[in-house]
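Scroll down for the structure; my scribbles are underneath it.
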Amino acid sequence: MSQVLRESISIAGLPTEIHDMIFKPERIISVKIPVRMDNGKIAVFEGYRVQHNSVLGPYKGGIRFHPEVTLETDMALAFGMTLKNSLANIPYGGGKGAVKVDPFKLSERELEELSRGYVRALFPFIGPDKDIPAPDVNTNPRIMAWMVDEYSKLAGKNVPASFTGKPPELGGNPARIYSTGFGVAVIAKAAAEVFAGGIEGKRVAVHGFGNVGSYAALWLSKFGAKVVAISNIFGSVYDPDGIDAELAAENPEVLKDVRAYPKGQKFNDTDVPLYVDADILVPASLENVITPEKVPRIKAKLIVEGANGPTVPEAERQLYMRKDFYAVVPDILANSGGVIGSYLEWVQNLNWYKMSEEEVRSKLESIMLNNYKIVMDAWKRFREKNPEKMVTMRDASFALAVERIYEAMKLRGLI
Ligand code: GLU
């Protein structure tokens with residue numbers, strides 16, 4: 001990440017000394033969360049909130065529940081949010097939270113206690129104009145409901161704007177649940193129009209069939225693409241004739257284990273979507289999935305990143321070395337529909353106002369398409385500025401995001 005930032009600072013032609021000003025988190029909060037388990041014993045969980053940068057607005061980013069999170073991964077993800085929010089052109093800085101836990105091993109009551117405990121531990125540091133968390137890997141509207149309730153109890157008043165990604169009944173944005181996947185689909189469609197003559201009939205493979213992947217598949221198929229492969233932690237499904245994305249995305253059994261899909265070829269290998277004959281690959285699971293060793297077997301010419309950080313830098317470089325490769329549309333652009341959906345939710349909550357689902361979706365779509373256009377223009381500008389370099393779409397997105405943060409820092413008198 002640090003190296004990529006250095007490169008984008010150079011591509012944007014900014015002073016190298018700003019690297020640390022932008023890279024280092026403003027604040028790292030590490031908390032202990034004791035939970036009385038169902039067996040009567042107390043288990044102590046480790047939680048973090050990295051408040052990375054607040055130059056453009058309050059910290060904003062999700063909370064991840066995962067057994068393998070570390071403070072280091074949380075810091076990298078928080079930095080990613082700073083860039084994503086800057087690129088999305090919404091008035092937020094970046095942050096990210098995490099709890100080291102396997103939530104699937106907890107009962108519903110234990111999960112609720114953990115979620116509330118996280119909020120109690122972080123209460124002094126978060127809030128609608130300070131730091132606004134949201135769902136991320138393994139967290140969802142149910143968890144946000146407990147969190148906003150705990151926050152509101154501690155504040156002594158109803159504070160719906162303290163968390164986004166809530167259920168619609170609690171002031172959540174009805175389109176937020178599919179915002180990230182929808183945004184991925186909107187961007188994939190826009191990119192297919194630029195690079196590949198349109199989305200109609202394009203074969204799409206989706207790695208990871210969680211919230212992002214399932215809704216991306218669903219919307220891409222609504223836009224006319226053909227979903228040929230999906231996967232999750234248990235295995236993969238491949239059907240060159242097309243997977244019924246609606247059937248798959250709306251079937252709880254398939255969402256649990258994709259191999260429950262009634263048709264197609266089933267595999268225990270979770271990486272099948274990476275290698276099938278597809279025009280577009282949507283990595284929508286976790287980070288570091290596309291590694292240099294896997295690149296020779298990848299056939300897609302367009303990669304649209306649904307997850308955060310799925311492509312390892314060296315793998316990306318190798319992909320761009322191919323003559324017929326179009327682009328890796330970077331996470332900070334491709335999956336920004338989630339946080340833009342969050343922004344539209346927060347604005348409503350701050351104003352005690354309710355937009356319809358269609359209104360939110362059409363606003364989200366136009367913000368994303370506009371950002372896509374701005375990135376394409378910036379890509380052209382940065383390529384012209386650096387004719388000796390191979391400037392990727394990610395480099396251009398990072399450089400643009402960094403440029404905006406730099407300008408704000410200068411105006412604030414910080415540098
Ligand atoms: N967790 C999502 C992300 O990585 C959304 C963050 C938010 O809505 O604040 O972009």
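Please note that chains go A, B, ... in the order of the structure tokens, that every chain numbers its residues from 1, and that ligands are numbered from 1 in the order shown.
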
With the cut-off set at 6 Å and counting only C-alpha atoms and all ligand atoms, tabulate each residue of chain A with an atom at most that distance from an atom of ligand 1, showing the nearest atom pair and its distance in Å to one decimal, ordered by chain and increasing number, as JSON lines.
{"residue": "A:Lys60", "atom": "CA", "partner": "ligand 1", "partner_atom_place_in_ligand_line": "9 (O)", "distance": 5.0}
{"residue": "A:Gly61", "atom": "CA", "partner": "ligand 1", "partner_atom_place_in_ligand_line": "9 (O)", "distance": 3.5}
{"residue": "A:Gly62", "atom": "CA", "partner": "ligand 1", "partner_atom_place_in_ligand_line": "1 (N)", "distance": 4.0}
{"residue": "A:Pro133", "atom": "CA", "partner": "ligand 1", "partner_atom_place_in_ligand_line": "9 (O)", "distance": 5.6}
{"residue": "A:Ala134", "atom": "CA", "partner": "ligand 1", "partner_atom_place_in_ligand_line": "9 (O)", "distance": 4.6}
{"residue": "A:Pro135", "atom": "CA", "partner": "ligand 1", "partner_atom_place_in_ligand_line": "1 (N)", "distance": 5.3}
{"residue": "A:Asp136", "atom": "CA", "partner": "ligand 1", "partner_atom_place_in_ligand_line": "1 (N)", "distance": 3.8}
{"residue": "A:Ser336", "atom": "CA", "partner": "ligand 1", "partner_atom_place_in_ligand_line": "10 (O)", "distance": 5.7}
{"residue": "A:Gly338", "atom": "CA", "partner": "ligand 1", "partner_atom_place_in_ligand_line": "5 (C)", "distance": 4.7}
{"residue": "A:Val339", "atom": "CA", "partner": "ligand 1", "partner_atom_place_in_ligand_line": "8 (O)", "distance": 3.5}
{"residue": "A:Ser342", "atom": "CA", "partner": "ligand 1", "partner_atom_place_in_ligand_line": "8 (O)", "distance": 4.6}

Using N, CA and C atoms, can you export the residues from the last selection as an mmCIF file, in the first residue's frame?
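This went into result09.cif:
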data_model
loop_
_atom_site.group_PDB
_atom_site.id
_atom_site.type_symbol
_atom_site.label_atom_id
_atom_site.label_comp_id
_atom_site.auth_asym_id
_atom_site.auth_seq_id
_atom_site.Cartn_x
_atom_site.Cartn_y
_atom_site.Cartn_z
ATOM 1 N N LYS A 60 -15.044 7.442 7.967
ATOM 2 C CA LYS A 60 -16.147 6.590 7.502
ATOM 3 C C LYS A 60 -15.603 5.291 6.967
ATOM 4 N N GLY A 61 -16.224 4.205 7.374
ATOM 5 C CA GLY A 61 -15.827 2.889 6.872
ATOM 6 C C GLY A 61 -16.462 1.803 7.711
ATOM 7 N N GLY A 62 -16.414 0.597 7.221
ATOM 8 C CA GLY A 62 -17.131 -0.505 7.851
ATOM 9 C C GLY A 62 -16.451 -1.096 9.068
ATOM 10 N N PRO A 133 -19.433 4.208 11.445
ATOM 11 C CA PRO A 133 -19.205 2.840 10.945
ATOM 12 C C PRO A 133 -20.385 2.301 10.124
ATOM 13 N N ALA A 134 -20.132 1.173 9.487
ATOM 14 C CA ALA A 134 -21.105 0.546 8.576
ATOM 15 C C ALA A 134 -20.757 -0.936 8.469
ATOM 16 N N PRO A 135 -21.566 -1.694 7.736
ATOM 17 C CA PRO A 135 -21.208 -3.113 7.563
ATOM 18 C C PRO A 135 -19.965 -3.310 6.697
ATOM 19 N N ASP A 136 -19.317 -4.427 6.895
ATOM 20 C CA ASP A 136 -18.209 -4.869 6.048
ATOM 21 C C ASP A 136 -18.278 -6.404 6.064
ATOM 22 N N SER A 336 -17.252 1.367 -4.578
ATOM 23 C CA SER A 336 -17.606 2.548 -3.782
ATOM 24 C C SER A 336 -19.119 2.754 -3.661
ATOM 25 N N GLY A 338 -21.094 1.003 -2.058
ATOM 26 C CA GLY A 338 -21.471 0.751 -0.663
ATOM 27 C C GLY A 338 -21.390 2.018 0.163
ATOM 28 N N VAL A 339 -20.262 2.655 0.104
ATOM 29 C CA VAL A 339 -20.101 3.838 0.953
ATOM 30 C C VAL A 339 -20.894 5.030 0.403
ATOM 31 N N SER A 342 -24.141 4.505 1.748
ATOM 32 C CA SER A 342 -24.080 4.906 3.156
ATOM 33 C C SER A 342 -24.211 6.413 3.292
#

*Spatial neighbours of segment 37-45 of chain A, 12 Å, only C-alpha atoms, chain gap at least 3 places, as a ChimeraX atom specification*: /A:30-34,48,65-67,69,98-103,105-115,117-118,121

Distance table requested - segment 174-204 of chain A against segment 362-376 of chain A, cut-off 12 Å, only C-alpha atoms: one row per qualifying residue with the closest atom pair and its distance in Å to one decimal, ordered by chain and rising residue number, as JSON lines.
{"residue": "A:Ala175", "atom": "CA", "partner": "A:Leu364", "partner_atom": "CA", "distance": 9.2}
{"residue": "A:Arg176", "atom": "CA", "partner": "A:Leu364", "partner_atom": "CA", "distance": 9.8}
{"residue": "A:Tyr178", "atom": "CA", "partner": "A:Leu364", "partner_atom": "CA", "distance": 11.1}
{"residue": "A:Ser179", "atom": "CA", "partner": "A:Leu364", "partner_atom": "CA", "distance": 7.9}
{"residue": "A:Thr180", "atom": "CA", "partner": "A:Leu364", "partner_atom": "CA", "distance": 10.0}
{"residue": "A:Gly181", "atom": "CA", "partner": "A:Glu365", "partner_atom": "CA", "distance": 11.7}
{"residue": "A:Phe182", "atom": "CA", "partner": "A:Glu365", "partner_atom": "CA", "distance": 8.4}
{"residue": "A:Gly183", "atom": "CA", "partner": "A:Met368", "partner_atom": "CA", "distance": 6.9}
{"residue": "A:Val184", "atom": "CA", "partner": "A:Met368", "partner_atom": "CA", "distance": 9.3}
{"residue": "A:Ala185", "atom": "CA", "partner": "A:Glu365", "partner_atom": "CA", "distance": 10.0}
{"residue": "A:Val186", "atom": "CA", "partner": "A:Glu365", "partner_atom": "CA", "distance": 6.9}
{"residue": "A:Ile187", "atom": "CA", "partner": "A:Leu369", "partner_atom": "CA", "distance": 7.0}
{"residue": "A:Ala188", "atom": "CA", "partner": "A:Tyr372", "partner_atom": "CA", "distance": 10.1}
{"residue": "A:Lys189", "atom": "CA", "partner": "A:Leu369", "partner_atom": "CA", "distance": 9.9}
{"residue": "A:Ala190", "atom": "CA", "partner": "A:Leu369", "partner_atom": "CA", "distance": 7.4}
{"residue": "A:Ala191", "atom": "CA", "partner": "A:Tyr372", "partner_atom": "CA", "distance": 8.5}
{"residue": "A:Glu193", "atom": "CA", "partner": "A:Tyr372", "partner_atom": "CA", "distance": 11.9}
{"residue": "A:Val194", "atom": "CA", "partner": "A:Met376", "partner_atom": "CA", "distance": 9.8}
{"residue": "A:Phe195", "atom": "CA", "partner": "A:Met376", "partner_atom": "CA", "distance": 11.6}

*Excluding Arg49 of chain A and residues on its chain fewer than 3 positions from it, collect all residues at most 9 Å away from it, counting only C-alpha atoms, and give them as a PyMOL selection string.*
chain A and resi 27-31+63+71+74-75+78+95-99+122

Can I get the selection written as a compact mmCIF listing (two decimals), in the first residue's frame, with C-alpha atoms?
# COMPACT_ATOMS: atom_id res chain seq x y z
CA ARG A 27 -5.57 7.52 15.51
CA ILE A 28 -5.60 3.82 16.30
CA ILE A 29 -8.02 2.58 18.92
CA SER A 30 -7.63 -0.90 20.28
CA VAL A 31 -10.25 -2.22 22.68
CA ILE A 63 -16.56 -2.92 10.71
CA LEU A 71 -4.37 -4.33 13.36
CA ASP A 74 -7.32 -2.93 9.55
CA MET A 75 -4.85 -0.10 8.98
CA ALA A 78 -8.71 2.19 6.70
CA GLY A 95 -11.62 4.63 8.86
CA LYS A 96 -12.18 0.94 9.43
CA GLY A 97 -13.06 -1.24 12.37
CA ALA A 98 -12.55 -4.89 13.07
CA VAL A 99 -13.17 -7.55 15.67
CA LEU A 122 -15.78 2.92 21.19

*asked:* Can you tell me, as an MDAnalysis selection string, which residues in segment 91-228 of chain A count as strand (DSSP E) by DSSP?
replied: chainID A and resid 94:100 131:135 203:207 226:228

*If you count only C-alpha atoms, which residues fall within 8 Å of Arg297 of chain A, apart from same-chain ones fewer than 2 positions away, as an MDAnalysis selection string?*
chainID A and resid 274:275 294:295 299

With all heavy atoms retained, export the selected residues as a PDB file, in the first residue's frame.
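That gives us part10.pdb:
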ATOM      1  N   LEU A 274     -12.054 -17.804 -11.232  1.00  0.00           N
ATOM      2  CA  LEU A 274     -10.874 -17.046 -11.683  1.00  0.00           C
ATOM      3  C   LEU A 274     -10.396 -17.529 -13.050  1.00  0.00           C
ATOM      4  O   LEU A 274      -9.823 -16.763 -13.815  1.00  0.00           O
ATOM      5  CB  LEU A 274      -9.709 -17.189 -10.692  1.00  0.00           C
ATOM      6  CG  LEU A 274      -9.932 -16.740  -9.248  1.00  0.00           C
ATOM      7  CD1 LEU A 274      -8.661 -16.951  -8.439  1.00  0.00           C
ATOM      8  CD2 LEU A 274     -10.343 -15.269  -9.192  1.00  0.00           C
ATOM      9  N   TYR A 275     -10.629 -18.809 -13.334  1.00  0.00           N
ATOM     10  CA  TYR A 275      -9.996 -19.419 -14.506  1.00  0.00           C
ATOM     11  C   TYR A 275     -10.934 -19.736 -15.665  1.00  0.00           C
ATOM     12  O   TYR A 275     -10.469 -20.121 -16.731  1.00  0.00           O
ATOM     13  CB  TYR A 275      -9.287 -20.716 -14.082  1.00  0.00           C
ATOM     14  CG  TYR A 275      -8.368 -20.530 -12.892  1.00  0.00           C
ATOM     15  CD1 TYR A 275      -8.435 -21.377 -11.786  1.00  0.00           C
ATOM     16  CD2 TYR A 275      -7.424 -19.506 -12.891  1.00  0.00           C
ATOM     17  CE1 TYR A 275      -7.579 -21.203 -10.696  1.00  0.00           C
ATOM     18  CE2 TYR A 275      -6.580 -19.321 -11.805  1.00  0.00           C
ATOM     19  CZ  TYR A 275      -6.671 -20.172 -10.714  1.00  0.00           C
ATOM     20  OH  TYR A 275      -5.829 -19.985  -9.653  1.00  0.00           O
ATOM     21  N   LYS A 294      -1.424 -17.135 -10.146  1.00  0.00           N
ATOM     22  CA  LYS A 294      -2.723 -17.454 -10.759  1.00  0.00           C
ATOM     23  C   LYS A 294      -2.917 -16.748 -12.105  1.00  0.00           C
ATOM     24  O   LYS A 294      -3.752 -17.160 -12.901  1.00  0.00           O
ATOM     25  CB  LYS A 294      -3.851 -17.068  -9.805  1.00  0.00           C
ATOM     26  CG  LYS A 294      -3.847 -17.879  -8.510  1.00  0.00           C
ATOM     27  CD  LYS A 294      -5.015 -17.486  -7.628  1.00  0.00           C
ATOM     28  CE  LYS A 294      -4.931 -18.155  -6.268  1.00  0.00           C
ATOM     29  NZ  LYS A 294      -5.931 -17.633  -5.331  1.00  0.00           N
ATOM     30  N   VAL A 295      -2.161 -15.672 -12.312  1.00  0.00           N
ATOM     31  CA  VAL A 295      -2.388 -14.849 -13.514  1.00  0.00           C
ATOM     32  C   VAL A 295      -2.368 -15.642 -14.826  1.00  0.00           C
ATOM     33  O   VAL A 295      -3.255 -15.452 -15.667  1.00  0.00           O
ATOM     34  CB  VAL A 295      -1.397 -13.660 -13.556  1.00  0.00           C
ATOM     35  CG1 VAL A 295      -1.385 -12.983 -14.916  1.00  0.00           C
ATOM     36  CG2 VAL A 295      -1.763 -12.648 -12.477  1.00  0.00           C
ATOM     37  N   LYS A 299      -8.408 -15.736 -17.757  1.00  0.00           N
ATOM     38  CA  LYS A 299      -8.713 -15.441 -19.164  1.00  0.00           C
ATOM     39  C   LYS A 299      -9.430 -14.102 -19.342  1.00  0.00           C
ATOM     40  O   LYS A 299      -9.410 -13.527 -20.433  1.00  0.00           O
ATOM     41  CB  LYS A 299      -9.579 -16.559 -19.747  1.00  0.00           C
ATOM     42  CG  LYS A 299      -8.881 -17.922 -19.748  1.00  0.00           C
ATOM     43  CD  LYS A 299      -9.628 -18.903 -20.642  1.00  0.00           C
ATOM     44  CE  LYS A 299      -9.013 -20.281 -20.589  1.00  0.00           C
ATOM     45  NZ  LYS A 299      -9.481 -21.072 -19.427  1.00  0.00           N
TER      46      LYS A 299
END

*Counting only C-alpha atoms, which of A:Asp331, A:Glu388, A:Asp241, A:Asp149 gets nearest to Gln265 of chain A?*
A:Asp241
